[in-house]
$ cat my_file06.pdb   # PDB, C-alpha atoms
ATOM      1  CA  MET A 197     -54.072 121.840-155.141
ATOM      2  CA  GLU A 198     -51.806 119.120-153.790
ATOM      3  CA  GLU A 199     -50.839 116.209-156.001
ATOM      4  CA  PRO A 200     -49.735 112.757-154.849
ATOM      5  CA  ARG A 201     -45.955 112.546-154.913
ATOM      6  CA  TYR A 202     -45.541 108.821-154.378
ATOM      7  CA  GLN A 203     -46.044 106.245-157.102
ATOM      8  CA  SER A 204     -47.286 103.767-154.515
ATOM      9  CA  ALA A 205     -50.894 104.303-153.420
ATOM     10  CA  PHE A 206     -50.012 102.857-150.017
ATOM     11  CA  LEU A 207     -47.143 105.301-149.429
ATOM     12  CA  THR A 208     -49.461 108.133-150.445
ATOM     13  CA  GLU A 209     -51.907 106.882-147.806
ATOM     14  CA  VAL A 210     -49.117 106.902-145.224
ATOM     15  CA  ALA A 211     -48.160 110.451-146.228
ATOM     16  CA  ASP A 212     -51.776 111.580-145.852
ATOM     17  CA  ALA A 213     -51.893 110.111-142.333
ATOM     18  CA  ILE A 214     -48.673 111.930-141.433
ATOM     19  CA  ARG A 215     -49.941 115.287-142.724
ATOM     20  CA  THR A 216     -53.284 114.870-140.965
ATOM     21  CA  ARG A 217     -51.347 114.769-137.693
ATOM     22  CA  HIS A 218     -49.301 117.851-138.684
ATOM     23  CA  TYR A 219     -45.939 116.088-138.596
ATOM     24  CA  SER A 220     -43.078 117.977-140.215
ATOM     25  CA  ILE A 221     -42.020 117.269-143.771
ATOM     26  CA  ARG A 222     -38.693 115.952-142.459
ATOM     27  CA  THR A 223     -40.569 113.364-140.393
ATOM     28  CA  GLU A 224     -42.681 112.488-143.408
ATOM     29  CA  GLN A 225     -39.643 111.944-145.593
ATOM     30  CA  ALA A 226     -37.884 109.843-142.947
ATOM     31  CA  TYR A 227     -40.927 107.660-142.228
ATOM     32  CA  ILE A 228     -41.683 107.104-145.917
ATOM     33  CA  ASP A 229     -38.065 106.170-146.555
ATOM     34  CA  TRP A 230     -37.991 103.583-143.729
ATOM     35  CA  ILE A 231     -41.329 102.075-144.753
ATOM     36  CA  ARG A 232     -40.123 101.785-148.346
ATOM     37  CA  ARG A 233     -36.928 100.074-147.153
ATOM     38  CA  PHE A 234     -38.976  97.682-145.015
ATOM     39  CA  ILE A 235     -41.132  96.726-147.992
ATOM     40  CA  LEU A 236     -38.157  96.236-150.328
ATOM     41  CA  PHE A 237     -36.273  94.225-147.697
ATOM     42  CA  HIS A 238     -39.133  91.725-147.598
ATOM     43  CA  GLY A 239     -39.356  91.327-151.357
ATOM     44  CA  LYS A 240     -42.022  94.022-151.934
ATOM     45  CA  ARG A 241     -44.592  92.239-149.770
ATOM     46  CA  HIS A 242     -47.395  94.465-148.547
ATOM     47  CA  PRO A 243     -47.046  95.406-144.865
ATOM     48  CA  ARG A 244     -50.609  94.192-144.327
ATOM     49  CA  ASP A 245     -49.360  90.670-145.030
ATOM     50  CA  MET A 246     -46.509  90.948-142.502
ATOM     51  CA  ASN A 247     -46.387  90.993-138.721
ATOM     52  CA  GLU A 248     -44.177  91.632-135.689
ATOM     53  CA  LYS A 249     -41.741  88.866-136.615
ATOM     54  CA  ASP A 250     -41.084  90.484-139.981
ATOM     55  CA  VAL A 251     -40.467  93.808-138.236
ATOM     56  CA  ALA A 252     -38.053  92.098-135.828
ATOM     57  CA  VAL A 253     -36.111  90.531-138.707
ATOM     58  CA  PHE A 254     -35.764  93.941-140.384
ATOM     59  CA  LEU A 255     -34.577  95.630-137.172
ATOM     60  CA  THR A 256     -32.094  92.831-136.536
ATOM     61  CA  TYR A 257     -30.750  93.290-140.060
ATOM     62  CA  LEU A 258     -30.261  97.014-139.402
ATOM     63  CA  ALA A 259     -28.484  96.423-136.099
ATOM     64  CA  VAL A 260     -26.320  93.426-137.026
ATOM     65  CA  GLN A 261     -25.579  93.687-140.740
ATOM     66  CA  ARG A 262     -25.941  97.419-141.325
ATOM     67  CA  ASN A 263     -24.534  98.299-137.887
ATOM     68  CA  VAL A 264     -26.725 101.410-137.596
ATOM     69  CA  ALA A 265     -26.736 103.614-134.506
ATOM     70  CA  ALA A 266     -29.362 103.086-131.812
ATOM     71  CA  SER A 267     -31.083 106.362-132.739
ATOM     72  CA  THR A 268     -31.325 105.274-136.387
ATOM     73  CA  GLN A 269     -32.783 101.906-135.419
ATOM     74  CA  ASN A 270     -35.321 103.635-133.173
ATOM     75  CA  GLN A 271     -36.343 105.988-135.961
ATOM     76  CA  ALA A 272     -37.003 102.998-138.215
ATOM     77  CA  LEU A 273     -39.106 101.383-135.491
ATOM     78  CA  ASN A 274     -41.035 104.627-134.953
ATOM     79  CA  ALA A 275     -41.922 104.691-138.648
ATOM     80  CA  LEU A 276     -43.164 101.094-138.616
ATOM     81  CA  VAL A 277     -45.076 101.563-135.361
ATOM     82  CA  PHE A 278     -46.815 104.589-136.889
ATOM     83  CA  MET A 279     -47.646 102.701-140.085
ATOM     84  CA  TYR A 280     -49.183  99.704-138.331
ATOM     85  CA  LYS A 281     -51.070 101.740-135.737
ATOM     86  CA  GLU A 282     -52.310 104.756-137.693
ATOM     87  CA  VAL A 283     -52.571 103.439-141.262
ATOM     88  CA  LEU A 284     -53.162  99.686-141.077
ATOM     89  CA  GLU A 285     -54.868  99.870-137.658
ATOM     90  CA  LYS A 286     -52.944  96.774-136.544
ATOM     91  CA  PRO A 287     -50.781  98.001-133.630
ATOM     92  CA  LEU A 288     -47.586  96.052-133.104
ATOM     93  CA  ASP A 289     -47.354  93.892-129.994
ATOM     94  CA  PRO A 290     -44.465  95.350-127.945
ATOM     95  CA  ASN A 291     -44.011  92.027-126.152
ATOM     96  CA  ILE A 292     -42.731  90.295-129.273
ATOM     97  CA  LYS A 293     -38.994  89.677-128.974
ATOM     98  CA  GLY A 294     -36.903  91.806-131.285
ATOM     99  CA  ILE A 295     -39.017  94.948-131.663
ATOM    100  CA  ALA A 296     -38.004  96.769-128.480
ATOM    101  CA  TYR A 297     -36.387 100.185-128.762
ATOM    102  CA  ALA A 298     -32.601 100.122-128.775
ATOM    103  CA  LYS A 299     -30.948 101.604-125.719
ATOM    104  CA  ARG A 300     -29.077 104.736-126.651
ATOM    105  CA  PRO A 301     -25.682 105.144-124.962
ATOM    106  CA  LYS A 302     -25.432 108.044-122.553
ATOM    107  CA  LYS A 303     -22.706 110.397-123.650
ATOM    108  CA  LEU A 304     -21.528 113.684-122.239
ATOM    109  CA  PRO A 305     -22.008 116.523-124.729
ATOM    110  CA  VAL A 306     -19.014 118.065-126.453
ATOM    111  CA  VAL A 307     -18.499 121.601-125.140
ATOM    112  CA  LEU A 308     -16.198 124.311-126.451
ATOM    113  CA  THR A 309     -14.336 126.783-124.283
ATOM    114  CA  ARG A 310     -15.072 130.481-124.755
ATOM    115  CA  GLU A 311     -11.756 130.845-126.557
ATOM    116  CA  GLU A 312     -12.657 128.027-128.936
ATOM    117  CA  VAL A 313     -16.047 129.594-129.644
ATOM    118  CA  THR A 314     -14.299 132.847-130.512
ATOM    119  CA  LYS A 315     -11.932 131.022-132.888
ATOM    120  CA  LEU A 316     -14.800 129.133-134.532
ATOM    121  CA  LEU A 317     -16.951 132.212-135.092
ATOM    122  CA  SER A 318     -13.972 134.100-136.522
ATOM    123  CA  GLN A 319     -13.852 131.551-139.343
ATOM    124  CA  LEU A 320     -17.439 132.275-140.389
ATOM    125  CA  GLU A 321     -18.996 135.244-142.137
ATOM    126  CA  GLY A 322     -22.316 136.505-143.445
ATOM    127  CA  THR A 323     -25.401 134.385-142.892
ATOM    128  CA  GLN A 324     -23.407 131.415-141.589
ATOM    129  CA  TRP A 325     -21.868 133.640-138.914
ATOM    130  CA  LEU A 326     -25.264 135.016-137.896
ATOM    131  CA  VAL A 327     -26.836 131.563-137.553
ATOM    132  CA  ALA A 328     -23.866 130.256-135.566
ATOM    133  CA  CYS A 329     -24.088 133.271-133.257
ATOM    134  CA  LEU A 330     -27.764 132.483-132.606
ATOM    135  CA  LEU A 331     -26.932 128.853-131.821
ATOM    136  CA  TYR A 332     -24.381 129.934-129.222
ATOM    137  CA  GLY A 333     -25.872 133.252-128.114
ATOM    138  CA  SER A 334     -29.480 132.069-127.747
ATOM    139  CA  GLY A 335     -29.141 128.292-127.405
ATOM    140  CA  LEU A 336     -31.300 127.595-130.436
ATOM    141  CA  ARG A 337     -31.409 124.282-132.235
ATOM    142  CA  LEU A 338     -30.251 124.606-135.837
ATOM    143  CA  ILE A 339     -33.690 123.966-137.348
ATOM    144  CA  GLU A 340     -35.245 126.452-134.890
ATOM    145  CA  SER A 341     -32.923 129.210-136.069
ATOM    146  CA  LEU A 342     -33.589 128.461-139.746
ATOM    147  CA  ARG A 343     -37.366 128.482-139.259
ATOM    148  CA  LEU A 344     -37.389 131.920-137.634
ATOM    149  CA  ARG A 345     -39.777 134.434-139.203
ATOM    150  CA  VAL A 346     -39.277 138.202-139.179
ATOM    151  CA  MET A 347     -42.096 138.553-136.626
ATOM    152  CA  ASP A 348     -40.219 136.258-134.221
ATOM    153  CA  LEU A 349     -37.476 138.815-133.590
ATOM    154  CA  ASP A 350     -38.294 141.403-130.921
ATOM    155  CA  PHE A 351     -35.409 143.859-130.947
ATOM    156  CA  SER A 352     -36.866 146.162-128.292
ATOM    157  CA  ARG A 353     -37.239 143.347-125.763
ATOM    158  CA  ARG A 354     -34.027 141.584-126.829
ATOM    159  CA  ALA A 355     -36.073 138.434-127.331
ATOM    160  CA  ILE A 356     -36.591 135.663-129.879
ATOM    161  CA  PHE A 357     -39.891 133.785-130.040
ATOM    162  CA  VAL A 358     -39.402 130.124-130.939
ATOM    163  CA  ARG A 359     -42.648 128.839-132.438
ATOM    164  CA  ASN A 360     -43.558 125.167-132.502
ATOM    165  CA  GLY A 361     -40.176 123.972-131.280
ATOM    166  CA  LYS A 362     -39.330 120.409-130.321
ATOM    167  CA  GLY A 363     -42.393 118.805-128.760
ATOM    168  CA  ALA A 364     -44.608 121.422-130.481
ATOM    169  CA  LYS A 365     -43.771 123.924-127.731
ATOM    170  CA  ASP A 366     -43.263 127.687-127.918
ATOM    171  CA  ARG A 367     -40.695 129.528-125.829
ATOM    172  CA  VAL A 368     -38.907 132.869-125.549
ATOM    173  CA  VAL A 369     -35.107 133.039-125.562
ATOM    174  CA  THR A 370     -32.632 135.855-125.173
ATOM    175  CA  LEU A 371     -31.289 137.870-128.099
ATOM    176  CA  ALA A 372     -27.715 139.090-127.583
ATOM    177  CA  ASP A 373     -27.152 142.833-127.838
ATOM    178  CA  GLU A 374     -24.183 142.177-130.123
ATOM    179  CA  LEU A 375     -26.510 140.749-132.771
ATOM    180  CA  LEU A 376     -29.034 143.600-132.932
ATOM    181  CA  LEU A 377     -27.266 145.673-135.587
ATOM    182  CA  PRO A 378     -26.005 142.709-137.689
ATOM    183  CA  LEU A 379     -29.505 141.188-137.743
ATOM    184  CA  GLN A 380     -31.139 144.489-138.692
ATOM    185  CA  ARG A 381     -28.689 144.955-141.566
ATOM    186  CA  HIS A 382     -29.272 141.373-142.649
ATOM    187  CA  LEU A 383     -33.052 141.897-142.670
ATOM    188  CA  GLN A 384     -32.673 144.942-144.905
ATOM    189  CA  ASN A 385     -31.069 142.722-147.552
ATOM    190  CA  VAL A 386     -33.699 140.039-147.046
ATOM    191  CA  LYS A 387     -36.475 142.598-147.492
ATOM    192  CA  THR A 388     -34.957 143.800-150.754
ATOM    193  CA  CYS A 389     -34.901 140.205-152.004
ATOM    194  CA  HIS A 390     -38.523 139.717-150.912
ATOM    195  CA  GLU A 391     -39.638 142.856-152.744
ATOM    196  CA  ARG A 392     -37.955 141.593-155.925
ATOM    197  CA  ASP A 393     -39.800 138.286-155.562
ATOM    198  CA  LEU A 394     -43.096 140.156-155.241
ATOM    199  CA  GLU A 395     -42.352 142.150-158.367
ATOM    200  CA  SER A 396     -41.690 138.881-160.202
ATOM    201  CA  GLY A 397     -45.029 137.426-159.135
ATOM    202  CA  PHE A 398     -43.654 135.299-156.283
ATOM    203  CA  GLY A 399     -42.882 136.184-152.644
ATOM    204  CA  CYS A 400     -45.363 133.784-151.059
ATOM    205  CA  VAL A 401     -43.789 131.881-148.157
ATOM    206  CA  TYR A 402     -44.931 128.583-146.634
ATOM    207  CA  LEU A 403     -47.471 128.985-143.829
ATOM    208  CA  PRO A 404     -48.076 126.210-141.283
ATOM    209  CA  HIS A 405     -51.266 124.166-141.134
ATOM    210  CA  ALA A 406     -54.458 125.994-142.202
ATOM    211  CA  LEU A 407     -53.117 129.558-141.941
ATOM    212  CA  ALA A 408     -52.713 129.775-145.713
ATOM    213  CA  ARG A 409     -56.452 129.237-146.158
ATOM    214  CA  LYS A 410     -57.469 131.371-143.192
ATOM    215  CA  TYR A 411     -55.227 134.291-144.196
ATOM    216  CA  PRO A 412     -54.712 133.968-147.979
ATOM    217  CA  ASN A 413     -52.634 137.154-148.247
ATOM    218  CA  ALA A 414     -50.442 136.562-145.195
ATOM    219  CA  CYS A 415     -47.915 134.472-147.113
ATOM    220  CA  ARG A 416     -46.737 137.592-148.960
ATOM    221  CA  GLU A 417     -46.512 139.820-145.888
ATOM    222  CA  TRP A 418     -43.051 140.841-144.689
ATOM    223  CA  ALA A 419     -43.656 139.686-141.106
ATOM    224  CA  TRP A 420     -44.129 136.065-142.214
ATOM    225  CA  GLN A 421     -40.945 135.825-144.287
ATOM    226  CA  TYR A 422     -38.029 133.668-143.147
ATOM    227  CA  VAL A 423     -35.136 135.475-141.490
ATOM    228  CA  PHE A 424     -32.708 133.238-143.378
ATOM    229  CA  PRO A 425     -34.213 132.592-146.827
ATOM    230  CA  ALA A 426     -32.550 130.412-149.428
ATOM    231  CA  ARG A 427     -30.667 132.013-152.293
ATOM    232  CA  ARG A 428     -32.935 130.432-154.871
ATOM    233  CA  ARG A 429     -36.630 129.677-155.054
ATOM    234  CA  SER A 430     -37.616 126.014-155.128
ATOM    235  CA  ILE A 431     -40.655 123.810-155.634
ATOM    236  CA  ASP A 432     -42.555 123.002-152.432
ATOM    237  CA  PRO A 433     -42.784 119.167-152.327
ATOM    238  CA  ARG A 434     -46.240 119.275-150.732
ATOM    239  CA  SER A 435     -48.015 121.936-152.781
ATOM    240  CA  ASN A 436     -45.829 122.009-155.935
ATOM    241  CA  SER A 437     -45.724 125.801-155.614
ATOM    242  CA  GLU A 438     -42.554 127.725-156.425
ATOM    243  CA  ARG A 439     -41.489 129.706-153.389
ATOM    244  CA  ARG A 440     -38.437 130.729-151.384
ATOM    245  CA  HIS A 441     -37.871 128.422-148.426
ATOM    246  CA  HIS A 442     -35.352 128.881-145.626
ATOM    247  CA  ILE A 443     -31.691 127.898-145.998
ATOM    248  CA  ASP A 444     -31.094 124.167-145.932
ATOM    249  CA  ALA A 445     -29.569 122.924-142.687
ATOM    250  CA  SER A 446     -26.710 121.234-144.555
ATOM    251  CA  VAL A 447     -25.394 124.637-145.684
ATOM    252  CA  ILE A 448     -24.778 125.730-142.083
ATOM    253  CA  GLN A 449     -23.558 122.300-140.981
ATOM    254  CA  LYS A 450     -20.906 122.201-143.696
ATOM    255  CA  ALA A 451     -19.799 125.766-142.961
ATOM    256  CA  VAL A 452     -19.398 125.024-139.231
ATOM    257  CA  ASN A 453     -17.486 121.798-139.931
ATOM    258  CA  VAL A 454     -15.038 123.701-142.130
ATOM    259  CA  ALA A 455     -14.738 126.473-139.516
ATOM    260  CA  VAL A 456     -13.908 123.937-136.779
ATOM    261  CA  LYS A 457     -11.018 122.570-138.840
ATOM    262  CA  ARG A 458      -9.712 125.997-139.811
ATOM    263  CA  ALA A 459      -9.874 127.130-136.183
ATOM    264  CA  GLY A 460      -7.659 124.218-135.179
ATOM    265  CA  ILE A 461     -10.252 122.823-132.767
ATOM    266  CA  HIS A 462      -9.528 119.153-132.134
ATOM    267  CA  LYS A 463     -12.957 118.210-130.860
ATOM    268  CA  LYS A 464     -15.892 116.517-132.551
ATOM    269  CA  ALA A 465     -17.753 119.809-132.734
ATOM    270  CA  SER A 466     -20.888 120.570-134.740
ATOM    271  CA  CYS A 467     -23.728 123.082-134.836
ATOM    272  CA  HIS A 468     -25.317 121.421-131.805
ATOM    273  CA  THR A 469     -22.045 121.830-129.915
ATOM    274  CA  LEU A 470     -22.682 125.577-129.879
ATOM    275  CA  ARG A 471     -26.012 124.951-128.128
ATOM    276  CA  HIS A 472     -24.271 122.696-125.592
ATOM    277  CA  SER A 473     -21.662 125.399-125.039
ATOM    278  CA  PHE A 474     -24.402 128.008-124.511
ATOM    279  CA  ALA A 475     -25.937 125.970-121.671
ATOM    280  CA  THR A 476     -22.624 125.099-120.036
ATOM    281  CA  HIS A 477     -21.318 128.648-120.113
ATOM    282  CA  LEU A 478     -24.560 129.983-118.612
ATOM    283  CA  LEU A 479     -24.201 127.556-115.702
ATOM    284  CA  GLU A 480     -20.545 128.520-115.313
ATOM    285  CA  ARG A 481     -21.643 132.151-114.946
ATOM    286  CA  GLY A 482     -24.008 131.215-112.102
ATOM    287  CA  MET A 483     -27.316 131.003-113.977
ATOM    288  CA  ASP A 484     -29.814 128.751-112.191
ATOM    289  CA  ILE A 485     -30.597 125.461-113.895
ATOM    290  CA  ARG A 486     -34.342 126.151-114.200
ATOM    291  CA  THR A 487     -33.680 129.268-116.259
ATOM    292  CA  VAL A 488     -31.286 127.341-118.489
ATOM    293  CA  GLN A 489     -33.939 124.636-118.862
ATOM    294  CA  GLU A 490     -36.467 127.215-120.066
ATOM    295  CA  GLN A 491     -33.998 128.753-122.490
ATOM    296  CA  LEU A 492     -33.203 125.362-124.006
ATOM    297  CA  GLY A 493     -36.829 124.233-124.093
ATOM    298  CA  HIS A 494     -36.191 121.002-122.195
ATOM    299  CA  LYS A 495     -39.309 119.246-120.932
ATOM    300  CA  ASP A 496     -37.493 117.650-117.994
ATOM    301  CA  VAL A 497     -34.834 119.357-115.885
ATOM    302  CA  ARG A 498     -32.937 116.067-115.802
ATOM    303  CA  THR A 499     -32.096 116.632-119.456
ATOM    304  CA  THR A 500     -30.528 119.965-118.530
ATOM    305  CA  GLN A 501     -28.609 118.436-115.626
ATOM    306  CA  ILE A 502     -26.270 116.702-118.070
ATOM    307  CA  TYR A 503     -24.422 120.016-118.329
ATOM    308  CA  THR A 504     -23.669 119.990-114.597
ATOM    309  CA  HIS A 505     -21.743 116.750-115.218
ATOM    310  CA  VAL A 506     -19.702 118.568-117.845
ATOM    311  CA  LEU A 507     -18.899 121.269-115.288
ATOM    312  CA  ASN A 508     -17.752 118.681-112.740
ATOM    313  CA  ARG A 509     -15.519 116.804-115.162
ATOM    314  CA  GLY A 510     -11.825 117.312-114.407
ATOM    315  CA  GLY A 511     -10.434 120.761-113.674
ATOM    316  CA  MET A 512     -10.981 122.004-110.115
ATOM    317  CA  ALA A 513     -13.608 119.357-109.339
ATOM    318  CA  VAL A 514     -11.123 116.548-108.694
ATOM    319  CA  ARG A 515      -7.528 116.966-107.493
ATOM    320  CA  SER A 516      -5.244 114.466-109.161
ATOM    321  CA  PRO A 517      -3.126 112.305-106.803
ATOM    322  CA  LEU A 518      -0.172 112.886-109.126
ATOM    323  CA  SER A 519       0.269 116.356-107.609
ATOM    324  CA  GLY A 520       1.381 114.793-104.335
ATOM    325  CA  VAL A 521       3.987 112.619-106.026
ATOM    326  CA  LEU A 522       5.810 114.909-108.434
TER     327      LEU A 522
END

$ encode --input "my_file06.pdb" --output "structure tokens"
Amino acid sequence: MEEPRYQSAFLTEVADAIRTRHYSIRTEQAYIDWIRRFILFHGKRHPRDMNEKDVAVFLTYLAVQRNVAASTQNQALNALVFMYKEVLEKPLDPNIKGIAYAKRPKKLPVVLTREEVTKLLSQLEGTQWLVACLLYGSGLRLIESLRLRVMDLDFSRRAIFVRNGKGAKDRVVTLADELLLPLQRHLQNVKTCHERDLESGFGCVYLPHALARKYPNACREWAWQYVFPARRRSIDPRSNSERRHHIDASVIQKAVNVAVKRAGIHKKASCHTLRHSFATHLLERGMDIRTVQEQLGHKDVRTTQIYTHVLNRGGMAVRSPLSGVL
């Protein structure tokens, strides 16, 4: 049985509206946090007693005084738009000055060379190495790799099934031959850990939506377990049940950041850089852009085309006039 986790009855109502629409817990936490900040900013006034002008003042404060990024400002606006539309049933008027979405600057993605990828991966080991290899070898987003279940790995077909990815879409991506044996060895250790949890009266993993009620025993089945489980069990914030979740994203992010420095890579590289590198290197090898689009899970091919700009930047694309002078 779920218990309310927010002292405020209104925030609990917002959380219920978010869960009814099957938003992720990360979205719930972000939206609740922005709505709480909005309320505190206006002296704990109830949002029902505020309007578009109050929203505009808050967004202006974020942009001017807090100097937040455009994406952060847009996330705050998304939370407030959701609250007024879905909870208070008072949709915000988009024509009011000051509540428009901030324009995000268009930036070319950071891409590593193959040599740099080799150096980076050589600085990682164990689970961190495996996850990083999936980011580069299969083009997965970090959260997609961490949410993988045992059933999502098809070793015979060299395929990975990404369930409920960005935009609530499923897709199939390639699984590198080089990862078959390391992944199988890794799963043997994970299975041993799962069996110990079962013996201790635990071993039940989180199941999405209503599957837990429809298949009450599925949560303990091996096929449903996370490929990359956390070292310790924790309390599920929605059900208050003690279970083993997947590794937290920050663990991999920190490991990759350290690996970048140790590898001597002087680029602003992150976990997502490995996904960018995957797409760019596929295009360099002659893969057609539609196939790359499907592998990445992009809704619009124009999103994938950004990597063609990376290919055309410098190098053999443009001959410098300096060569005719020196």

$ atom_distance --input "my_file06.pdb" --atom1 "atom CA of A:Ile431" --atom2 "atom CA of A:Val401"
11.4 Å

$ closest_residue --input "my_file06.pdb" --among "A:Leu276, A:Leu383, A:Val210, A:Ala414" --to "A:Thr323" --atoms "all atoms listed in the file"
A:Leu383

$ atom_distance --input "my_file06.pdb" --atom1 "atom CA of A:Lys464" --atom2 "atom CA of A:Pro425"
28.2 Å

$ residues_near_point --input "my_file06.pdb" --point "(-48.7, 97.2, -140.7)" --cutoff "7 Å" --atoms "only C-alpha atoms" --output "list in words"
Pro243, Arg244, Met246, Asn247, Met279, Tyr280, Leu284 and Lys286 of chain A

$ atom_distance --input "my_file06.pdb" --atom1 "atom CA of A:Gln261" --atom2 "atom CA of A:Phe237"
12.8 Å

$ closest_residue --input "my_file06.pdb" --among "A:Ile502, A:Ala419, A:Ala272, A:Val251" --to "A:Gln489" --atoms "all atoms listed in the file"
A:Ile502

$ resolve_selection --input "my_file06.pdb" --expression "the PyMOL selection byres ((chain A and resi 334) around 8)" --output "count of residues only"
14

$ resolve_selection --input "my_file06.pdb" --expression "the PyMOL selection byres ((chain A and resi 219) around 12)" --output "PyMOL selection string"
chain A and resi 210-218+220-227+278+360+362-364+404-405

$ closest_residue --input "my_file06.pdb" --among "A:Ile448, A:Leu375, A:Ala275, A:Ala265" --to "A:Phe234" --atoms "all atoms listed in the file"
A:Ala275

$ closest_residue --input "my_file06.pdb" --among "A:Val506, A:His477, A:Asp484, A:Gly493" --to "A:Gly361" --atoms "only C-alpha atoms"
A:Gly493

$ axis_aligned_box --input "my_file06.pdb" --around "stretch 465-482 of chain A" --padding-each-side "4 Å" --output "JSON"
{"center_x": -21.9, "center_y": 126.0, "center_z": -123.5, "size_x": 16.3, "size_y": 20.3, "size_z": 30.7}

$ closest_residue --input "my_file06.pdb" --among "A:Val260, A:Val423, A:Leu379, A:Val358" --to "A:Glu490" --atoms "all atoms listed in the file"
A:Val358

$ residues_near_point --input "my_file06.pdb" --point "(-39.7, 131.9, -156.5)" --cutoff "8 Å" --atoms "only C-alpha atoms" --output "PyMOL selection string"
chain A and resi 393+398-399+428-430+438-440

$ resolve_selection --input "my_file06.pdb" --expression "the PyMOL selection byres ((chain A and resi 318) around 12)" --output "VMD selection string"
chain A and resid 311 to 317 319 to 322 324 to 326 328 to 329 452 454 to 456 458 to 460

$ closest_residue --input "my_file06.pdb" --among "A:Ile443, A:Val497, A:Leu207, A:Val327" --to "A:Arg232" --atoms "all atoms listed in the file"
A:Leu207

$ residues_around --input "my_file06.pdb" --residues "A:Gln269" --least-positions-apart "3" --cutoff "8 Å" --atoms "all atoms listed in the file" --output "ChimeraX atom specification"
/A:255,258-259,264-266,272-273,297-298

$ decode --input "my_file06.pdb" --residues "stretch 313-326 of chain A" --atoms "N, CA and C atoms" --output "compact mmCIF listing (two decimals), in the first residue's frame"
# COMPACT_ATOMS: atom_id res chain seq x y z
N VAL A 313 38.29 7.08 -27.48
CA VAL A 313 37.36 6.13 -26.88
C VAL A 313 38.13 4.96 -26.26
N THR A 314 39.13 4.48 -26.99
CA THR A 314 39.96 3.39 -26.48
C THR A 314 40.65 3.78 -25.17
N LYS A 315 41.20 5.00 -25.13
CA LYS A 315 41.87 5.48 -23.92
C LYS A 315 40.88 5.60 -22.76
N LEU A 316 39.69 6.13 -23.04
CA LEU A 316 38.69 6.30 -21.99
C LEU A 316 38.27 4.96 -21.41
N LEU A 317 37.94 4.01 -22.29
CA LEU A 317 37.47 2.70 -21.82
C LEU A 317 38.56 1.96 -21.05
N SER A 318 39.82 2.22 -21.39
CA SER A 318 40.92 1.54 -20.70
C SER A 318 41.06 1.99 -19.25
N GLN A 319 40.44 3.12 -18.92
CA GLN A 319 40.49 3.65 -17.56
C GLN A 319 39.33 3.18 -16.70
N LEU A 320 38.45 2.36 -17.29
CA LEU A 320 37.29 1.85 -16.57
C LEU A 320 37.41 0.35 -16.38
N GLU A 321 36.68 -0.18 -15.42
CA GLU A 321 36.68 -1.62 -15.21
C GLU A 321 35.35 -2.05 -14.60
N GLY A 322 35.09 -3.35 -14.64
CA GLY A 322 33.89 -3.89 -14.03
C GLY A 322 32.61 -3.37 -14.64
N THR A 323 31.63 -3.09 -13.79
CA THR A 323 30.32 -2.64 -14.25
C THR A 323 30.40 -1.32 -15.00
N GLN A 324 31.25 -0.40 -14.50
CA GLN A 324 31.38 0.90 -15.17
C GLN A 324 31.88 0.73 -16.61
N TRP A 325 32.81 -0.20 -16.80
CA TRP A 325 33.32 -0.47 -18.15
C TRP A 325 32.23 -1.05 -19.04
N LEU A 326 31.45 -1.97 -18.50
CA LEU A 326 30.37 -2.58 -19.29
C LEU A 326 29.33 -1.55 -19.73
